[in-house]
Amino acid sequence: MKIVRDFATLQSVLAQMPKERGFVPTMGYLHAGHVSLLERARTENEVVILSIFVNPLQFNQQEDFVAYPSDEERDLALAKESGVDLLWVPDVSQMYGVGEDWQLRAHDFDTELEGSSRPGHFTGVATVIMKLCHQLEPAKMYFGEKDFQQYQLIESMVSAFFMPIEVVMCATVREASGLAMSSRNARLTMAQRQQAALIYRAMRQYKSVAMVREVLENEGFRVDYVRDVAGRRFVAAWLSDVRLIDTVILAEQQKESISC
């Protein structure tokens, strides 16, 4: 596994690599969900590329950026075990330089769900992914279903800019309790992790979004939103100071109550 931290070296390394490249962009603190993306990429590409970059542009709250978990030694070990060929670990200066005058905004995504709750978030995501795509020139790019809006955003961006990249969505990997794997879970206590699993159970169990909200609020969550959109249910809620998101496809009996 080659570990690269500067753009000049990256260009030199990529020049020697096949073009059939599978790419998994992450912000580090890898978990089983990331590993599943890497395993899928391994089966479909000659080369697997992983990036680790905690992107400041997509955090609308500075305290969330500062508190984002990090363990590079553990990440390197997991990446190597998962068959990563190239690990791209830029710092902020490599990605944004001294200043950042250019940003990519998808207006439609700024008004729904994560876009409306986290102003500027999707601008940060689209901008950094566009930069990474130009740097790495992947053939395929892999995202988890938990971040379904992010997957839609990148799929739309790739289509809009005629980028020769296939965007692949992979199923959410869950803990035994049902809690969706997330790097932010590391900030929860063991008791909170069990409590957080209620999000998934409530999303699946209750027909109405009002009931899901009520159940979560009664159990100590601060609910940001519960929405049913186009046959899929989305939830975002705070547990203590950790913001958790999840999504599931609605069962047929639930779809009758969809309210956009």
# chains A, B, ... in the order shown; residues from 1 in each chain; ligands from 1
call {"tool": "residues_around", "arguments": {"residues": "Gly97 in chain A", "least_positions_apart": "6", "cutoff": "12 Å", "atoms": "only C-alpha atoms", "output": "list in words"}}
result
Phe7, Pro90 and Asp91 of chain A
call {"tool": "write_last_selection", "arguments": {"atoms": "N, CA, C and O atoms", "output": "PDB file, in the first residue's frame"}}
result
ATOM      1  N   PHE A   7       0.638  16.413  -3.437  1.00  0.00           N
ATOM      2  CA  PHE A   7       0.043  16.270  -4.759  1.00  0.00           C
ATOM      3  C   PHE A   7       1.061  15.898  -5.825  1.00  0.00           C
ATOM      4  O   PHE A   7       0.768  15.115  -6.737  1.00  0.00           O
ATOM      5  N   PRO A  90      -4.163  13.956   2.159  1.00  0.00           N
ATOM      6  CA  PRO A  90      -3.741  15.356   2.034  1.00  0.00           C
ATOM      7  C   PRO A  90      -4.059  16.145   3.297  1.00  0.00           C
ATOM      8  O   PRO A  90      -4.918  15.747   4.096  1.00  0.00           O
ATOM      9  N   ASP A  91      -3.390  17.262   3.480  1.00  0.00           N
ATOM     10  CA  ASP A  91      -3.806  18.190   4.529  1.00  0.00           C
ATOM     11  C   ASP A  91      -4.570  19.341   3.876  1.00  0.00           C
ATOM     12  O   ASP A  91      -4.762  19.372   2.658  1.00  0.00           O
TER      13      ASP A  91
END
call {"tool": "residues_around", "arguments": {"residues": "Ser183 in chain A", "least_positions_apart": "3", "cutoff": "10 Å", "atoms": "only C-alpha atoms", "output": "ChimeraX atom specification"}}
result
/A:26-34,68-70,180,186-187
call {"tool": "closest_residue", "arguments": {"among": "A:Thr172, A:Thr247, A:Gln61, A:Thr127", "to": "Leu113 in chain A", "atoms": "only C-alpha atoms"}}
result
A:Thr247
call {"tool": "closest_residue", "arguments": {"among": "A:Val84, A:Leu250, A:Glu217, A:Met157", "to": "Asp108 in chain A", "atoms": "only C-alpha atoms"}}
result
A:Met157
call {"tool": "residues_around", "arguments": {"residues": "range 130-137 of chain A", "least_positions_apart": "3", "cutoff": "8 Å", "atoms": "only C-alpha atoms", "output": "MDAnalysis selection string"}}
result
chainID A and resid 11 14 19 21 95 126:127
call {"tool": "closest_residue", "arguments": {"among": "A:Trp102, A:Phe53, A:Phe122, A:Phe23", "to": "Leu38 in chain A", "atoms": "only C-alpha atoms"}}
result
A:Phe23
call {"tool": "residues_around", "arguments": {"residues": "Asp85 in chain A", "least_positions_apart": "2", "cutoff": "12 Å", "atoms": "only C-alpha atoms", "output": "compact mmCIF listing (two decimals) with N, CA, C and O atoms, in the first residue's frame"}}
result
# COMPACT_ATOMS: atom_id res chain seq x y z
N MET A 1 0.85 -1.20 0.00
CA MET A 1 0.00 0.00 0.00
C MET A 1 0.88 1.24 0.00
O MET A 1 1.74 1.39 0.85
N LYS A 2 0.66 2.13 -0.97
CA LYS A 2 1.40 3.39 -1.03
C LYS A 2 0.63 4.46 -0.27
O LYS A 2 -0.58 4.63 -0.48
N ILE A 3 1.30 5.17 0.61
CA ILE A 3 0.70 6.27 1.37
C ILE A 3 1.29 7.57 0.84
O ILE A 3 2.51 7.77 0.85
N VAL A 4 0.42 8.45 0.35
CA VAL A 4 0.87 9.68 -0.30
C VAL A 4 0.24 10.88 0.41
O VAL A 4 -0.97 10.87 0.70
N VAL A 13 2.73 8.80 -8.73
CA VAL A 13 2.26 7.45 -8.42
C VAL A 13 1.12 7.05 -9.35
O VAL A 13 1.09 5.94 -9.90
N LEU A 14 0.18 7.96 -9.58
CA LEU A 14 -0.97 7.65 -10.42
C LEU A 14 -0.57 7.39 -11.87
O LEU A 14 -1.21 6.60 -12.57
N MET A 17 -0.20 3.81 -12.51
CA MET A 17 -1.32 2.94 -12.13
C MET A 17 -2.34 2.80 -13.25
O MET A 17 -2.53 3.72 -14.05
N PRO A 18 -3.03 1.65 -13.33
CA PRO A 18 -4.09 1.48 -14.32
C PRO A 18 -5.21 2.49 -14.11
O PRO A 18 -5.38 3.05 -13.02
N ARG A 21 -9.82 2.39 -11.67
CA ARG A 21 -9.59 2.74 -10.27
C ARG A 21 -10.91 2.85 -9.52
O ARG A 21 -11.81 3.59 -9.90
N GLY A 22 -11.03 2.13 -8.42
CA GLY A 22 -12.16 2.27 -7.52
C GLY A 22 -11.78 3.15 -6.37
O GLY A 22 -10.71 2.97 -5.75
N PHE A 23 -12.62 4.13 -6.04
CA PHE A 23 -12.27 5.16 -5.06
C PHE A 23 -13.30 5.23 -3.95
O PHE A 23 -14.51 5.30 -4.20
N VAL A 24 -12.81 5.23 -2.71
CA VAL A 24 -13.66 5.40 -1.53
C VAL A 24 -13.19 6.64 -0.78
O VAL A 24 -12.13 6.62 -0.14
N LEU A 38 -14.66 -0.72 0.59
CA LEU A 38 -13.35 -1.09 0.04
C LEU A 38 -13.38 -2.51 -0.53
O LEU A 38 -12.79 -2.77 -1.59
N ALA A 41 -15.12 -2.34 -3.82
CA ALA A 41 -14.21 -1.73 -4.80
C ALA A 41 -13.15 -2.72 -5.24
O ALA A 41 -12.76 -2.76 -6.41
N ARG A 42 -12.66 -3.54 -4.31
CA ARG A 42 -11.62 -4.51 -4.62
C ARG A 42 -12.09 -5.53 -5.65
O ARG A 42 -11.31 -5.98 -6.51
N ASN A 45 -12.42 -3.50 -9.44
CA ASN A 45 -11.41 -2.62 -10.02
C ASN A 45 -10.01 -3.21 -9.92
O ASN A 45 -9.73 -4.03 -9.04
N GLU A 46 -9.13 -2.76 -10.80
CA GLU A 46 -7.73 -3.18 -10.73
C GLU A 46 -7.01 -2.51 -9.57
O GLU A 46 -6.11 -3.09 -8.96
N VAL A 47 -7.40 -1.27 -9.28
CA VAL A 47 -6.74 -0.47 -8.24
C VAL A 47 -7.79 0.06 -7.28
O VAL A 47 -8.87 0.50 -7.70
N VAL A 48 -7.51 0.02 -5.99
CA VAL A 48 -8.39 0.59 -4.97
C VAL A 48 -7.69 1.77 -4.32
O VAL A 48 -6.57 1.65 -3.80
N ILE A 49 -8.37 2.91 -4.34
CA ILE A 49 -7.84 4.14 -3.74
C ILE A 49 -8.74 4.56 -2.59
O ILE A 49 -9.97 4.59 -2.72
N LEU A 50 -8.14 4.90 -1.48
CA LEU A 50 -8.85 5.42 -0.31
C LEU A 50 -8.29 6.80 0.00
O LEU A 50 -7.08 6.99 -0.02
N SER A 51 -9.18 7.75 0.27
CA SER A 51 -8.71 9.05 0.76
C SER A 51 -9.18 9.26 2.19
O SER A 51 -10.27 8.81 2.57
N LEU A 76 -4.64 3.26 9.02
CA LEU A 76 -3.63 2.69 8.11
C LEU A 76 -3.67 1.17 8.14
O LEU A 76 -3.57 0.50 7.10
N ALA A 79 -6.85 -0.02 6.35
CA ALA A 79 -6.72 0.19 4.91
C ALA A 79 -5.86 -0.90 4.29
O ALA A 79 -6.21 -1.47 3.25
N LYS A 80 -4.76 -1.21 4.92
CA LYS A 80 -3.87 -2.24 4.40
C LYS A 80 -4.56 -3.60 4.40
O LYS A 80 -4.49 -4.35 3.41
N GLU A 81 -5.27 -3.92 5.49
CA GLU A 81 -6.00 -5.20 5.58
C GLU A 81 -7.08 -5.30 4.52
O GLU A 81 -7.42 -6.40 4.07
N SER A 82 -7.64 -4.16 4.11
CA SER A 82 -8.75 -4.14 3.15
C SER A 82 -8.29 -4.12 1.70
O SER A 82 -9.10 -4.02 0.80
N GLY A 83 -6.99 -4.22 1.48
CA GLY A 83 -6.47 -4.30 0.12
C GLY A 83 -6.36 -2.99 -0.61
O GLY A 83 -6.37 -2.96 -1.85
N LEU A 87 -3.30 5.10 -0.64
CA LEU A 87 -3.97 5.88 0.40
C LEU A 87 -3.54 7.33 0.25
O LEU A 87 -2.36 7.66 0.39
N TRP A 88 -4.51 8.20 -0.05
CA TRP A 88 -4.26 9.62 -0.27
C TRP A 88 -4.67 10.35 1.01
O TRP A 88 -5.84 10.34 1.40
call {"tool": "closest_residue", "arguments": {"among": "A:Thr189, A:Gln152, A:Pro138, A:Asp110", "to": "Pro164 in chain A", "atoms": "only C-alpha atoms"}}
result
A:Pro138
call {"tool": "residues_around", "arguments": {"residues": "Tyr206 in chain A", "least_positions_apart": "2", "cutoff": "12 Å", "atoms": "only C-alpha atoms", "output": "PDB file with N, CA, C and O atoms, in the first residue's frame"}}
result
ATOM      1  N   LEU A 198     -32.347   2.854  18.823  1.00  0.00           N
ATOM      2  CA  LEU A 198     -33.790   3.095  18.766  1.00  0.00           C
ATOM      3  C   LEU A 198     -34.177   3.826  17.482  1.00  0.00           C
ATOM      4  O   LEU A 198     -35.299   3.673  16.989  1.00  0.00           O
ATOM      5  N   ILE A 199     -33.264   4.622  16.924  1.00  0.00           N
ATOM      6  CA  ILE A 199     -33.571   5.348  15.688  1.00  0.00           C
ATOM      7  C   ILE A 199     -33.985   4.370  14.599  1.00  0.00           C
ATOM      8  O   ILE A 199     -35.028   4.533  13.955  1.00  0.00           O
ATOM      9  N   TYR A 200     -33.191   3.340  14.400  1.00  0.00           N
ATOM     10  CA  TYR A 200     -33.475   2.363  13.351  1.00  0.00           C
ATOM     11  C   TYR A 200     -34.775   1.602  13.636  1.00  0.00           C
ATOM     12  O   TYR A 200     -35.600   1.403  12.743  1.00  0.00           O
ATOM     13  N   ARG A 201     -34.951   1.185  14.893  1.00  0.00           N
ATOM     14  CA  ARG A 201     -36.161   0.430  15.241  1.00  0.00           C
ATOM     15  C   ARG A 201     -37.409   1.273  15.040  1.00  0.00           C
ATOM     16  O   ARG A 201     -38.418   0.811  14.497  1.00  0.00           O
ATOM     17  N   ALA A 202     -37.362   2.534  15.470  1.00  0.00           N
ATOM     18  CA  ALA A 202     -38.527   3.411  15.334  1.00  0.00           C
ATOM     19  C   ALA A 202     -38.836   3.714  13.875  1.00  0.00           C
ATOM     20  O   ALA A 202     -40.011   3.763  13.473  1.00  0.00           O
ATOM     21  N   MET A 203     -37.798   3.918  13.073  1.00  0.00           N
ATOM     22  CA  MET A 203     -38.010   4.189  11.651  1.00  0.00           C
ATOM     23  C   MET A 203     -38.771   3.059  10.976  1.00  0.00           C
ATOM     24  O   MET A 203     -39.610   3.282  10.099  1.00  0.00           O
ATOM     25  N   ARG A 204     -38.471   1.827  11.370  1.00  0.00           N
ATOM     26  CA  ARG A 204     -39.077   0.661  10.734  1.00  0.00           C
ATOM     27  C   ARG A 204     -40.423   0.301  11.349  1.00  0.00           C
ATOM     28  O   ARG A 204     -41.297  -0.225  10.666  1.00  0.00           O
ATOM     29  N   SER A 208     -46.265   6.435  11.001  1.00  0.00           N
ATOM     30  CA  SER A 208     -46.252   7.885  10.794  1.00  0.00           C
ATOM     31  C   SER A 208     -44.955   8.512  11.277  1.00  0.00           C
ATOM     32  O   SER A 208     -44.347   8.060  12.257  1.00  0.00           O
ATOM     33  N   VAL A 209     -44.555   9.580  10.596  1.00  0.00           N
ATOM     34  CA  VAL A 209     -43.355  10.306  11.014  1.00  0.00           C
ATOM     35  C   VAL A 209     -43.582  10.981  12.360  1.00  0.00           C
ATOM     36  O   VAL A 209     -42.643  11.132  13.146  1.00  0.00           O
ATOM     37  N   ALA A 210     -44.824  11.374  12.640  1.00  0.00           N
ATOM     38  CA  ALA A 210     -45.134  12.008  13.928  1.00  0.00           C
ATOM     39  C   ALA A 210     -44.877  11.048  15.080  1.00  0.00           C
ATOM     40  O   ALA A 210     -44.352  11.438  16.132  1.00  0.00           O
ATOM     41  N   MET A 211     -45.227   9.786  14.889  1.00  0.00           N
ATOM     42  CA  MET A 211     -45.002   8.797  15.948  1.00  0.00           C
ATOM     43  C   MET A 211     -43.514   8.533  16.138  1.00  0.00           C
ATOM     44  O   MET A 211     -43.028   8.409  17.264  1.00  0.00           O
ATOM     45  N   VAL A 212     -42.746   8.466  15.042  1.00  0.00           N
ATOM     46  CA  VAL A 212     -41.299   8.274  15.155  1.00  0.00           C
ATOM     47  C   VAL A 212     -40.689   9.418  15.946  1.00  0.00           C
ATOM     48  O   VAL A 212     -39.881   9.212  16.864  1.00  0.00           O
ATOM     49  N   ARG A 213     -41.075  10.633  15.616  1.00  0.00           N
ATOM     50  CA  ARG A 213     -40.560  11.811  16.330  1.00  0.00           C
ATOM     51  C   ARG A 213     -40.916  11.744  17.819  1.00  0.00           C
ATOM     52  O   ARG A 213     -40.063  11.977  18.689  1.00  0.00           O
ATOM     53  N   GLU A 214     -42.161  11.423  18.116  1.00  0.00           N
ATOM     54  CA  GLU A 214     -42.620  11.386  19.507  1.00  0.00           C
ATOM     55  C   GLU A 214     -41.849  10.344  20.313  1.00  0.00           C
ATOM     56  O   GLU A 214     -41.402  10.613  21.434  1.00  0.00           O
ATOM     57  N   VAL A 215     -41.676   9.162  19.730  1.00  0.00           N
ATOM     58  CA  VAL A 215     -40.957   8.098  20.427  1.00  0.00           C
ATOM     59  C   VAL A 215     -39.519   8.510  20.716  1.00  0.00           C
ATOM     60  O   VAL A 215     -39.014   8.332  21.834  1.00  0.00           O
ATOM     61  N   LEU A 216     -38.852   9.077  19.732  1.00  0.00           N
ATOM     62  CA  LEU A 216     -37.460   9.475  19.918  1.00  0.00           C
ATOM     63  C   LEU A 216     -37.337  10.602  20.949  1.00  0.00           C
ATOM     64  O   LEU A 216     -36.443  10.579  21.806  1.00  0.00           O
ATOM     65  N   VAL A 226     -37.753  14.191  10.846  1.00  0.00           N
ATOM     66  CA  VAL A 226     -38.189  12.870  10.403  1.00  0.00           C
ATOM     67  C   VAL A 226     -39.043  13.129   9.172  1.00  0.00           C
ATOM     68  O   VAL A 226     -40.069  13.800   9.253  1.00  0.00           O
ATOM     69  N   ASP A 228     -40.577  11.499   5.282  1.00  0.00           N
ATOM     70  CA  ASP A 228     -40.767  10.453   4.289  1.00  0.00           C
ATOM     71  C   ASP A 228     -40.778  11.103   2.913  1.00  0.00           C
ATOM     72  O   ASP A 228     -41.628  11.965   2.640  1.00  0.00           O
ATOM     73  N   ARG A 233     -37.558   6.798   4.165  1.00  0.00           N
ATOM     74  CA  ARG A 233     -37.669   7.557   5.414  1.00  0.00           C
ATOM     75  C   ARG A 233     -36.281   8.039   5.847  1.00  0.00           C
ATOM     76  O   ARG A 233     -35.307   7.287   5.824  1.00  0.00           O
ATOM     77  N   LEU A 250     -39.110   2.546   2.817  1.00  0.00           N
ATOM     78  CA  LEU A 250     -40.371   2.311   3.503  1.00  0.00           C
ATOM     79  C   LEU A 250     -40.997   0.998   3.074  1.00  0.00           C
ATOM     80  O   LEU A 250     -40.978   0.643   1.890  1.00  0.00           O
ATOM     81  N   ALA A 251     -41.580   0.307   4.050  1.00  0.00           N
ATOM     82  CA  ALA A 251     -42.390  -0.861   3.739  1.00  0.00           C
ATOM     83  C   ALA A 251     -43.664  -0.395   3.042  1.00  0.00           C
ATOM     84  O   ALA A 251     -44.089   0.758   3.178  1.00  0.00           O
ATOM     85  N   GLN A 253     -46.778  -0.842   3.585  1.00  0.00           N
ATOM     86  CA  GLN A 253     -47.847  -0.333   4.429  1.00  0.00           C
ATOM     87  C   GLN A 253     -47.557   1.064   4.951  1.00  0.00           C
ATOM     88  O   GLN A 253     -48.456   1.792   5.350  1.00  0.00           O
ATOM     89  N   GLN A 254     -46.277   1.470   4.948  1.00  0.00           N
ATOM     90  CA  GLN A 254     -45.913   2.798   5.431  1.00  0.00           C
ATOM     91  C   GLN A 254     -46.079   3.851   4.349  1.00  0.00           C
ATOM     92  O   GLN A 254     -46.293   5.010   4.647  1.00  0.00           O
ATOM     93  N   LYS A 255     -45.955   3.449   3.098  1.00  0.00           N
ATOM     94  CA  LYS A 255     -45.915   4.429   2.016  1.00  0.00           C
ATOM     95  C   LYS A 255     -47.195   5.243   1.905  1.00  0.00           C
ATOM     96  O   LYS A 255     -47.208   6.347   1.388  1.00  0.00           O
ATOM     97  N   SER A 257     -48.583   6.802   4.149  1.00  0.00           N
ATOM     98  CA  SER A 257     -48.533   7.992   4.996  1.00  0.00           C
ATOM     99  C   SER A 257     -47.461   8.987   4.612  1.00  0.00           C
ATOM    100  O   SER A 257     -47.163   9.899   5.355  1.00  0.00           O
TER     101      SER A 257
END
call {"tool": "atom_distance", "arguments": {"atom1": "CA of Gln194 in chain A", "atom2": "CA of Asp241 in chain A"}}
result
15.9 Å
call {"tool": "decode", "arguments": {"residues": "range 175-186 of chain A", "atoms": "all heavy atoms", "output": "PDB file, in the first residue's frame"}}
result
ATOM      1  N   GLU A 175     -24.473  -2.117  13.312  1.00  0.00           N
ATOM      2  CA  GLU A 175     -24.060  -2.862  14.482  1.00  0.00           C
ATOM      3  C   GLU A 175     -25.135  -3.898  14.806  1.00  0.00           C
ATOM      4  O   GLU A 175     -26.241  -3.858  14.255  1.00  0.00           O
ATOM      5  CB  GLU A 175     -23.826  -1.906  15.659  1.00  0.00           C
ATOM      6  CG  GLU A 175     -22.721  -0.881  15.380  1.00  0.00           C
ATOM      7  CD  GLU A 175     -22.417   0.037  16.557  1.00  0.00           C
ATOM      8  OE1 GLU A 175     -22.973  -0.206  17.659  1.00  0.00           O
ATOM      9  OE2 GLU A 175     -21.622   0.987  16.378  1.00  0.00           O
ATOM     10  N   ALA A 176     -24.839  -4.835  15.699  1.00  0.00           N
ATOM     11  CA  ALA A 176     -25.799  -5.886  16.026  1.00  0.00           C
ATOM     12  C   ALA A 176     -27.124  -5.310  16.518  1.00  0.00           C
ATOM     13  O   ALA A 176     -28.192  -5.894  16.302  1.00  0.00           O
ATOM     14  CB  ALA A 176     -25.200  -6.811  17.085  1.00  0.00           C
ATOM     15  N   SER A 177     -27.078  -4.143  17.131  1.00  0.00           N
ATOM     16  CA  SER A 177     -28.284  -3.489  17.653  1.00  0.00           C
ATOM     17  C   SER A 177     -29.142  -2.868  16.561  1.00  0.00           C
ATOM     18  O   SER A 177     -30.291  -2.500  16.806  1.00  0.00           O
ATOM     19  CB  SER A 177     -27.885  -2.397  18.645  1.00  0.00           C
ATOM     20  OG  SER A 177     -27.148  -1.371  17.972  1.00  0.00           O
ATOM     21  N   GLY A 178     -28.572  -2.711  15.365  1.00  0.00           N
ATOM     22  CA  GLY A 178     -29.265  -2.021  14.283  1.00  0.00           C
ATOM     23  C   GLY A 178     -28.732  -0.625  14.032  1.00  0.00           C
ATOM     24  O   GLY A 178     -29.043  -0.014  13.004  1.00  0.00           O
ATOM     25  N   LEU A 179     -27.933  -0.093  14.929  1.00  0.00           N
ATOM     26  CA  LEU A 179     -27.365   1.247  14.759  1.00  0.00           C
ATOM     27  C   LEU A 179     -26.479   1.289  13.524  1.00  0.00           C
ATOM     28  O   LEU A 179     -25.602   0.440  13.339  1.00  0.00           O
ATOM     29  CB  LEU A 179     -26.549   1.621  15.992  1.00  0.00           C
ATOM     30  CG  LEU A 179     -25.787   2.954  15.945  1.00  0.00           C
ATOM     31  CD1 LEU A 179     -26.749   4.137  15.835  1.00  0.00           C
ATOM     32  CD2 LEU A 179     -24.897   3.109  17.183  1.00  0.00           C
ATOM     33  N   ALA A 180     -26.726   2.264  12.661  1.00  0.00           N
ATOM     34  CA  ALA A 180     -25.916   2.413  11.453  1.00  0.00           C
ATOM     35  C   ALA A 180     -24.483   2.762  11.822  1.00  0.00           C
ATOM     36  O   ALA A 180     -24.238   3.634  12.663  1.00  0.00           O
ATOM     37  CB  ALA A 180     -26.515   3.496  10.562  1.00  0.00           C
ATOM     38  N   MET A 181     -23.526   2.066  11.195  1.00  0.00           N
ATOM     39  CA  MET A 181     -22.119   2.362  11.440  1.00  0.00           C
ATOM     40  C   MET A 181     -21.806   3.798  11.045  1.00  0.00           C
ATOM     41  O   MET A 181     -22.209   4.273   9.985  1.00  0.00           O
ATOM     42  CB  MET A 181     -21.245   1.421  10.614  1.00  0.00           C
ATOM     43  CG  MET A 181     -21.274  -0.024  11.071  1.00  0.00           C
ATOM     44  SD  MET A 181     -20.157  -0.255  12.463  1.00  0.00           S
ATOM     45  CE  MET A 181     -20.189  -2.056  12.592  1.00  0.00           C
ATOM     46  N   SER A 182     -21.082   4.497  11.901  1.00  0.00           N
ATOM     47  CA  SER A 182     -20.680   5.872  11.638  1.00  0.00           C
ATOM     48  C   SER A 182     -19.451   6.187  12.476  1.00  0.00           C
ATOM     49  O   SER A 182     -19.336   5.708  13.617  1.00  0.00           O
ATOM     50  CB  SER A 182     -21.812   6.842  12.001  1.00  0.00           C
ATOM     51  OG  SER A 182     -21.369   8.193  11.955  1.00  0.00           O
ATOM     52  N   SER A 183     -18.558   6.992  11.943  1.00  0.00           N
ATOM     53  CA  SER A 183     -17.389   7.407  12.716  1.00  0.00           C
ATOM     54  C   SER A 183     -17.807   8.167  13.967  1.00  0.00           C
ATOM     55  O   SER A 183     -17.131   8.102  14.999  1.00  0.00           O
ATOM     56  CB  SER A 183     -16.469   8.271  11.848  1.00  0.00           C
ATOM     57  OG  SER A 183     -16.013   7.544  10.721  1.00  0.00           O
ATOM     58  N   ARG A 184     -18.923   8.864  13.886  1.00  0.00           N
ATOM     59  CA  ARG A 184     -19.403   9.639  15.040  1.00  0.00           C
ATOM     60  C   ARG A 184     -19.856   8.752  16.189  1.00  0.00           C
ATOM     61  O   ARG A 184     -19.958   9.211  17.325  1.00  0.00           O
ATOM     62  CB  ARG A 184     -20.532  10.575  14.611  1.00  0.00           C
ATOM     63  CG  ARG A 184     -20.058  11.780  13.807  1.00  0.00           C
ATOM     64  CD  ARG A 184     -21.217  12.735  13.516  1.00  0.00           C
ATOM     65  NE  ARG A 184     -20.742  13.995  12.961  1.00  0.00           N
ATOM     66  CZ  ARG A 184     -20.506  14.216  11.674  1.00  0.00           C
ATOM     67  NH1 ARG A 184     -20.697  13.213  10.812  1.00  0.00           N
ATOM     68  NH2 ARG A 184     -20.078  15.385  11.246  1.00  0.00           N
ATOM     69  N   ASN A 185     -20.139   7.479  15.922  1.00  0.00           N
ATOM     70  CA  ASN A 185     -20.542   6.576  17.003  1.00  0.00           C
ATOM     71  C   ASN A 185     -19.457   6.461  18.068  1.00  0.00           C
ATOM     72  O   ASN A 185     -19.742   6.122  19.222  1.00  0.00           O
ATOM     73  CB  ASN A 185     -20.862   5.181  16.451  1.00  0.00           C
ATOM     74  CG  ASN A 185     -22.101   5.164  15.574  1.00  0.00           C
ATOM     75  OD1 ASN A 185     -22.808   6.157  15.451  1.00  0.00           O
ATOM     76  ND2 ASN A 185     -22.356   4.029  14.939  1.00  0.00           N
ATOM     77  N   ALA A 186     -18.220   6.720  17.681  1.00  0.00           N
ATOM     78  CA  ALA A 186     -17.110   6.631  18.626  1.00  0.00           C
ATOM     79  C   ALA A 186     -17.251   7.630  19.763  1.00  0.00           C
ATOM     80  O   ALA A 186     -16.648   7.459  20.828  1.00  0.00           O
ATOM     81  CB  ALA A 186     -15.784   6.848  17.905  1.00  0.00           C
TER      82      ALA A 186
END
